[in-house]
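Peer 1: Structure provided below as structure tokens; questions to follow.
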Amino acid sequence: MKYISTRGHVGQPANPEFCDILLGGLAPDGGLYLPESYPRIGRAELDAWRSLSYAGLAFEILSRFITDIPAADLKAICDKTYTADVYRHARPGDDTAKITPVHWLEQGRLGLLELSNGPTLAFKDMAMQLLGNLFEYVLAKRGESINILGATSGDTGSAAEYAMRGKQGVRVFMLSPHGKMSAFQRAQMYSLQDENIFNIAVTGMFDDAQDIVKAVSNDLEFKAKYKIGAVNSINWARVAAQVVYYFKGYFEATTSNDQQVAFCVPSGNFGNICAGHIARMMGLPVAKLILATNENDVLDEFFRTGVYRPRKTAETRVTSSPSMDISKASNFERFVFDLVGRDPRKVAALWTEVDAGRPFDLSASAEFARIGDFAFASGSSSHADRLATIGKVFEQYGVMIDTHTADGVKVAWEQIETIPADVPVLVLETALPVKFAETIREALGRDPEVPADLQGLEALPQRVEVMAPDLEQIKRFIVERV
Ligand SMILES: Cc1ncc(COP(=O)(O)O)c(C=O)c1O
Ligand SMILES: N[C@@H](CCOP(=O)(O)O)C(=O)O
């Protein structure tokens, strides 16, 4: 499988394969890598895959995208990654062996696809644990090392750090928005004392941190000299690994491959739902992809109006679903590439506007006229909605959900009437409630349960550098430590 950039120019090597782009992260032209075409999955494969374990399914799907790792090695990596020991935090009564079980709220109609059973209690572990093992394998084969620069609004950071801690040849420099994450999220990251982990809290929002990550990656000389890599969903490997649970969720929620499923996805950087879009393009029977935002509703606005209007830092709200406080959604570029017929010149022109801080308007375009072909719907949620949803789900079903999943359930409830009654709607459970205890207390007047292996986390000593979102200062910080 060869990869292309959404902006048309890939640099060297001219026809990169998976391992090149795993280490490369962002394409040299500032664009994002995608396969030159999506593998098509037919009925025979769906039938054969229905009964596979998560690890078996991951191997089948990933081997369509990864053709430069021998099959036996890739299989061993999938088997080592997707175990019930790693994904051990399923709800009592749910089957941990399934890795991502479905917890039905309304049997057969509305369910939670549990994606947060990994070590850091958010869906990021689904891909990040695999990335940790892939990096280790590829770096050892090539005799190389990597310095990962990442940005987090709360969950990518801890997932990456837990996946990379102690890994040979890997250092992680993680930028987080100072004072904007929950106390539990801060403790998960800043309490790590491993020598290869560096936490930097920037005095800004996630988007400022993401801009720095991209600026460092776009300095090709610096990137090559200091071997800078990425673990955010700008790295294709993240998205590829996330495609797997859409297939698994589909099989889990249906009994036959004649059925369809709708997915509702709490969204910020558009990485998660982008994986759903790709699963659908590959042939998964998806009736609808419902995108849910919080008050930072730039993506909901696009799907309703055709106008993409990334907000500035000052206009980005600090909310009670903080991991979705994102106003410039990286992976949206991958979707727009498909929307405009995979024409990199069009994407490059649109992102010249975005990179200059300007909106773009596709509302009158032939492309936006065809948006229905992609089966998206969208909605947004507020703090009051979140509290009410957490309360209602707990009261009606005895299930405690986190604030981001609540944004999803709220929008799923709004959309469910538009979905045929025989189509199950799965809301992606993107984090567990313990990560957002303050809002859970506000909604329910009680504390979420703390998993046994994470008790006492917030009392541990913390290690973090606070810095302005200053590109040169952050580059210096990296140079002094590699
Ligand atoms: C808990 C949680 N929910 C939802 C999201 C949004 O996902 P995405 O950025 O892939 O759209 C994030 C962050 O990415 C998250 O951490
Ligand atoms: N919500 C994320 C930020 C976006 O991260 P990405 O790695 O999926 O691009 C976070 O919690 O850090």
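Every chain in the structure tokens takes a letter, A first, then B, and so on in the order presented; its residues are numbered from 1, and the ligands are numbered from 1 following the presented order.
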Quick one: everything within 9 Å of A:Ala160, counting only C-alpha atoms, minus sequence neighbours fewer than 2 positions away in the same chain. Send it as a list in words.
Peer 2: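 Counting only the stated atoms, we get Lys124, Asp125, Met128, Gln129, Leu131, Gly132, Gly150, Asp155, Thr156, Gly157, Ser158, Tyr162, Ala163, Met164, Arg165, Val172, Met174, Val231 and Asn232 of chain A.
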Peer 1: Counting only C-alpha atoms and all ligand atoms, what residues are within 7 Å of ligand 1, given as a ChimeraX atom specification?
Peer 2: /A:122-124,153-156,266-273,323-324,404-405,430-431
Peer 1: Name the residues in contact with stretch 108-117 of chain A at a cut-off of 10 Å, using only C-alpha atoms, excluding same-chain residues fewer than 3 positions from it; report them as a VMD selection string.
Peer 2: chain A and resid 84 to 91 94 96 98 to 105 120 to 126 242 245 to 246 248 to 250 252 to 254 261 to 264 401 405 408 to 409 412 to 413 416 420 to 432
Peer 1: May I have the selected residues written with C-alpha atoms, as a tab-separated table (two decimals), in the first residue's frame?
Peer 2:
chain	number	residue	atom	x	y	z
A	84	ALA	CA	-7.95	-8.39	28.03
A	85	ASP	CA	-5.04	-7.56	30.36
A	86	VAL	CA	-4.34	-4.30	28.55
A	87	TYR	CA	-8.03	-3.37	28.05
A	88	ARG	CA	-9.07	-4.32	31.54
A	89	HIS	CA	-11.55	-1.64	32.62
A	90	ALA	CA	-14.84	-2.88	31.09
A	91	ARG	CA	-18.03	-2.29	33.09
A	94	ASP	CA	-19.41	-6.73	30.26
A	96	THR	CA	-13.49	-7.93	28.82
A	98	LYS	CA	-14.25	-8.51	23.63
A	99	ILE	CA	-11.93	-5.50	24.21
A	100	THR	CA	-14.67	-3.09	22.99
A	101	PRO	CA	-17.97	-4.59	24.20
A	102	VAL	CA	-21.29	-2.91	23.45
A	103	HIS	CA	-23.27	-1.88	26.52
A	104	TRP	CA	-26.90	-1.55	25.47
A	105	LEU	CA	-29.01	1.24	26.93
A	120	THR	CA	-5.68	5.54	30.58
A	121	LEU	CA	-9.47	5.19	30.36
A	122	ALA	CA	-10.04	6.94	27.03
A	123	PHE	CA	-10.49	5.74	23.44
A	124	LYS	CA	-6.97	6.94	22.61
A	125	ASP	CA	-5.58	3.72	24.12
A	126	MET	CA	-7.21	1.72	21.31
A	242	GLN	CA	-9.23	3.36	14.96
A	245	TYR	CA	-13.38	-0.74	16.26
A	246	TYR	CA	-16.01	0.48	13.79
A	248	LYS	CA	-15.89	-4.67	15.64
A	249	GLY	CA	-18.77	-2.48	16.88
A	250	TYR	CA	-20.76	-3.30	13.75
A	252	GLU	CA	-21.14	-6.74	17.94
A	253	ALA	CA	-24.37	-4.79	17.36
A	254	THR	CA	-25.76	-6.91	14.51
A	261	VAL	CA	-25.46	0.51	12.03
A	262	ALA	CA	-25.29	4.25	12.84
A	263	PHE	CA	-22.41	5.60	14.92
A	264	CYS	CA	-22.54	8.75	17.01
A	401	ILE	CA	-21.15	8.11	31.45
A	405	THR	CA	-19.90	10.46	25.86
A	408	GLY	CA	-22.67	11.96	22.04
A	409	VAL	CA	-25.76	10.57	23.75
A	412	ALA	CA	-27.84	10.64	19.33
A	413	TRP	CA	-31.18	11.20	21.10
A	416	ILE	CA	-32.46	8.76	16.52
A	420	PRO	CA	-34.83	3.48	10.77
A	421	ALA	CA	-36.03	1.52	13.82
A	422	ASP	CA	-34.11	-1.63	12.83
A	423	VAL	CA	-30.75	0.20	12.71
A	424	PRO	CA	-28.81	0.14	16.00
A	425	VAL	CA	-27.24	3.45	17.02
A	426	LEU	CA	-23.89	3.09	18.79
A	427	VAL	CA	-22.55	6.06	20.74
A	428	LEU	CA	-18.78	5.81	21.02
A	429	GLU	CA	-17.83	5.90	24.69
A	430	THR	CA	-14.67	7.97	24.45
A	431	ALA	CA	-13.69	8.22	28.15
A	432	LEU	CA	-14.67	6.94	31.58
Peer 1: List every residue of stretch 69-157 of chain A that DSSP, applied to the backbone of this structure, assigns to helix (DSSP H, G or I), and report them as an MDAnalysis selection string.
Peer 2: chainID A and resid 71:81 96:98 124:142 156:157
Peer 1: Restricting the output to N, CA and C atoms, write the selected residues as an mmCIF file, in the first residue's frame.
Peer 2:
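Written file, part.cif:
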data_model
loop_
_atom_site.group_PDB
_atom_site.id
_atom_site.type_symbol
_atom_site.label_atom_id
_atom_site.label_comp_id
_atom_site.auth_asym_id
_atom_site.auth_seq_id
_atom_site.Cartn_x
_atom_site.Cartn_y
_atom_site.Cartn_z
ATOM 1 N N ALA A 71 3.590 -10.433 7.493
ATOM 2 C CA ALA A 71 2.292 -10.765 8.100
ATOM 3 C C ALA A 71 2.448 -11.383 9.492
ATOM 4 N N ALA A 72 3.428 -12.275 9.645
ATOM 5 C CA ALA A 72 3.562 -12.955 10.948
ATOM 6 C C ALA A 72 3.940 -11.943 12.033
ATOM 7 N N ASP A 73 4.768 -10.962 11.671
ATOM 8 C CA ASP A 73 5.178 -9.951 12.660
ATOM 9 C C ASP A 73 3.992 -9.044 13.016
ATOM 10 N N LEU A 74 3.235 -8.650 11.984
ATOM 11 C CA LEU A 74 2.080 -7.781 12.256
ATOM 12 C C LEU A 74 1.061 -8.522 13.133
ATOM 13 N N LYS A 75 0.890 -9.780 12.841
ATOM 14 C CA LYS A 75 -0.062 -10.577 13.634
ATOM 15 C C LYS A 75 0.405 -10.638 15.096
ATOM 16 N N ALA A 76 1.709 -10.843 15.275
ATOM 17 C CA ALA A 76 2.243 -10.916 16.649
ATOM 18 C C ALA A 76 2.046 -9.568 17.365
ATOM 19 N N ILE A 77 2.216 -8.469 16.639
ATOM 20 C CA ILE A 77 2.032 -7.143 17.251
ATOM 21 C C ILE A 77 0.562 -6.952 17.657
ATOM 22 N N CYS A 78 -0.360 -7.352 16.779
ATOM 23 C CA CYS A 78 -1.795 -7.218 17.109
ATOM 24 C C CYS A 78 -2.154 -8.107 18.307
ATOM 25 N N ASP A 79 -1.627 -9.324 18.310
ATOM 26 C CA ASP A 79 -1.948 -10.253 19.416
ATOM 27 C C ASP A 79 -1.418 -9.727 20.746
ATOM 28 N N LYS A 80 -0.235 -9.103 20.690
ATOM 29 C CA LYS A 80 0.364 -8.583 21.922
ATOM 30 C C LYS A 80 -0.392 -7.339 22.411
ATOM 31 N N THR A 81 -0.935 -6.584 21.470
ATOM 32 C CA THR A 81 -1.586 -5.312 21.834
ATOM 33 C C THR A 81 -2.988 -5.523 22.395
ATOM 34 N N THR A 96 -14.800 -8.572 29.077
ATOM 35 C CA THR A 96 -13.495 -7.932 28.818
ATOM 36 C C THR A 96 -12.789 -8.555 27.621
ATOM 37 N N ALA A 97 -13.035 -9.837 27.361
ATOM 38 C CA ALA A 97 -12.348 -10.500 26.250
ATOM 39 C C ALA A 97 -12.711 -9.851 24.920
ATOM 40 N N LYS A 98 -13.835 -9.138 24.882
ATOM 41 C CA LYS A 98 -14.251 -8.506 23.627
ATOM 42 C C LYS A 98 -13.477 -7.211 23.346
ATOM 43 N N LYS A 124 -8.309 6.780 23.213
ATOM 44 C CA LYS A 124 -6.971 6.936 22.612
ATOM 45 C C LYS A 124 -6.123 5.684 22.787
ATOM 46 N N ASP A 125 -6.369 4.928 23.887
ATOM 47 C CA ASP A 125 -5.578 3.717 24.121
ATOM 48 C C ASP A 125 -5.777 2.681 23.012
ATOM 49 N N MET A 126 -6.931 2.732 22.335
ATOM 50 C CA MET A 126 -7.205 1.724 21.311
ATOM 51 C C MET A 126 -6.130 1.752 20.224
ATOM 52 N N ALA A 127 -5.724 2.956 19.823
ATOM 53 C CA ALA A 127 -4.688 3.055 18.789
ATOM 54 C C ALA A 127 -3.302 3.209 19.395
ATOM 55 N N MET A 128 -3.238 3.908 20.524
ATOM 56 C CA MET A 128 -1.917 4.289 21.038
ATOM 57 C C MET A 128 -1.117 3.087 21.515
ATOM 58 N N GLN A 129 -1.793 2.100 22.113
ATOM 59 C CA GLN A 129 -1.069 0.904 22.548
ATOM 60 C C GLN A 129 -0.442 0.211 21.334
ATOM 61 N N LEU A 130 -1.172 0.208 20.222
ATOM 62 C CA LEU A 130 -0.627 -0.395 18.995
ATOM 63 C C LEU A 130 0.570 0.422 18.506
ATOM 64 N N LEU A 131 0.422 1.755 18.522
ATOM 65 C CA LEU A 131 1.524 2.610 18.052
ATOM 66 C C LEU A 131 2.795 2.367 18.855
ATOM 67 N N GLY A 132 2.648 2.234 20.174
ATOM 68 C CA GLY A 132 3.819 1.979 21.016
ATOM 69 C C GLY A 132 4.554 0.732 20.521
ATOM 70 N N ASN A 133 3.795 -0.324 20.236
ATOM 71 C CA ASN A 133 4.417 -1.582 19.793
ATOM 72 C C ASN A 133 4.957 -1.477 18.365
ATOM 73 N N LEU A 134 4.255 -0.714 17.518
ATOM 74 C CA LEU A 134 4.745 -0.532 16.138
ATOM 75 C C LEU A 134 6.045 0.269 16.129
ATOM 76 N N PHE A 135 6.077 1.353 16.917
ATOM 77 C CA PHE A 135 7.302 2.169 16.970
ATOM 78 C C PHE A 135 8.484 1.307 17.407
ATOM 79 N N GLU A 136 8.251 0.549 18.485
ATOM 80 C CA GLU A 136 9.329 -0.277 19.024
ATOM 81 C C GLU A 136 9.855 -1.248 17.954
ATOM 82 N N TYR A 137 8.920 -1.862 17.223
ATOM 83 C CA TYR A 137 9.292 -2.844 16.198
ATOM 84 C C TYR A 137 10.058 -2.174 15.047
ATOM 85 N N VAL A 138 9.507 -1.082 14.511
ATOM 86 C CA VAL A 138 10.117 -0.459 13.323
ATOM 87 C C VAL A 138 11.459 0.184 13.678
ATOM 88 N N LEU A 139 11.533 0.831 14.846
ATOM 89 C CA LEU A 139 12.799 1.475 15.240
ATOM 90 C C LEU A 139 13.890 0.424 15.430
ATOM 91 N N ALA A 140 13.537 -0.699 16.032
ATOM 92 C CA ALA A 140 14.541 -1.761 16.233
ATOM 93 C C ALA A 140 15.014 -2.299 14.883
ATOM 94 N N LYS A 141 14.091 -2.501 13.963
ATOM 95 C CA LYS A 141 14.463 -3.018 12.626
ATOM 96 C C LYS A 141 15.404 -2.057 11.917
ATOM 97 N N ARG A 142 15.115 -0.745 12.062
ATOM 98 C CA ARG A 142 15.906 0.237 11.311
ATOM 99 C C ARG A 142 17.106 0.752 12.102
ATOM 100 N N THR A 156 -4.981 12.253 24.689
ATOM 101 C CA THR A 156 -3.896 11.757 23.830
ATOM 102 C C THR A 156 -2.588 11.706 24.615
ATOM 103 N N GLY A 157 -2.361 12.729 25.445
ATOM 104 C CA GLY A 157 -1.103 12.844 26.185
ATOM 105 C C GLY A 157 -0.856 11.649 27.073
#
Peer 1: Which residue gives the smallest distance to ligand 2 among A:Ile474, A:Ala366, A:Val216, A:Ala230, with only C-alpha atoms and all ligand atoms counted?
Peer 2: A:Ala230
Peer 1: Name the closest residue to ligand 2 among the candidates A:Arg358, A:Arg345, A:Lys475, A:Lys180; distances are taken between atoms, counting only C-alpha atoms and all ligand atoms.
Peer 2: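 Of A:Arg358, A:Arg345, A:Lys475, A:Lys180, the one nearest ligand 2, counting only C-alpha atoms and all ligand atoms, is A:Lys180.
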Peer 1: As an NGL selection string, please: the residues near A:Gly229 (cut-off 8 Å, only C-alpha atoms, same-chain neighbours under 2 positions excluded).
Peer 2: :A and (23-25 or 146-149 or 217 or 223 or 227 or 231)
Peer 1: Using the selection just defined, write its residues with C-alpha atoms as an mmCIF file, in the first residue's frame.
Peer 2:
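Printed below is result.cif as written:
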data_model
loop_
_atom_site.group_PDB
_atom_site.id
_atom_site.type_symbol
_atom_site.label_atom_id
_atom_site.label_comp_id
_atom_site.auth_asym_id
_atom_site.auth_seq_id
_atom_site.Cartn_x
_atom_site.Cartn_y
_atom_site.Cartn_z
ATOM 1 C CA LEU A 23 7.818 7.628 11.576
ATOM 2 C CA GLY A 24 7.118 10.683 9.380
ATOM 3 C CA GLY A 25 3.828 11.849 10.941
ATOM 4 C CA ILE A 146 12.482 8.999 17.551
ATOM 5 C CA ASN A 147 11.556 12.117 19.508
ATOM 6 C CA ILE A 148 7.798 12.373 19.547
ATOM 7 C CA LEU A 149 6.269 15.812 19.799
ATOM 8 C CA SER A 217 7.096 19.254 11.720
ATOM 9 C CA LYS A 223 12.517 17.524 11.944
ATOM 10 C CA LYS A 227 14.119 12.878 14.403
ATOM 11 C CA VAL A 231 1.448 10.445 17.822
#
Peer 1: So, counting only C-alpha atoms, which residue among A:Lys2, A:Lys435, A:Arg441, A:Arg238 is closest to A:Leu457?
Peer 2: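 For A:Leu457, the nearest of the candidates is A:Lys435.
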Peer 1: Counting only C-alpha atoms, figure out which residue out of A:Ala27, A:Ala201, A:Ala443, A:Ala348 gets nearest to A:Leu387.
Peer 2: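 Looking only at the distances to A:Leu387, the closest residue turns out to be A:Ala443.
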Peer 1: Find the distance between atom CA of A:Ser320 and atom CA of A:Ser382 and write it in Å to one decimal.
Peer 2: 8.8 Å
Peer 1: Within 12 Å of A:Thr203, counting only C-alpha atoms, which residues qualify if same-chain residues fewer than 2 places away don't, as a list in words?
Peer 2: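 Counting only C-alpha atoms, the residues come to Leu175, Ser176, Pro177, His178, Gly179, Lys180, Ile200, Ala201, Met205, Phe206, Asp207, Asp208, Ala209, Thr313, Glu465, Val466, Met467, Ala468, Pro469 and Asp470 of chain A.
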Peer 1: Nearest to A:Phe332: which of A:Arg50, A:His277, A:Lys214, A:Arg40 is it, counting only C-alpha atoms?
Peer 2: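 Answer, going by the shortest atom-to-atom distance: A:His277.
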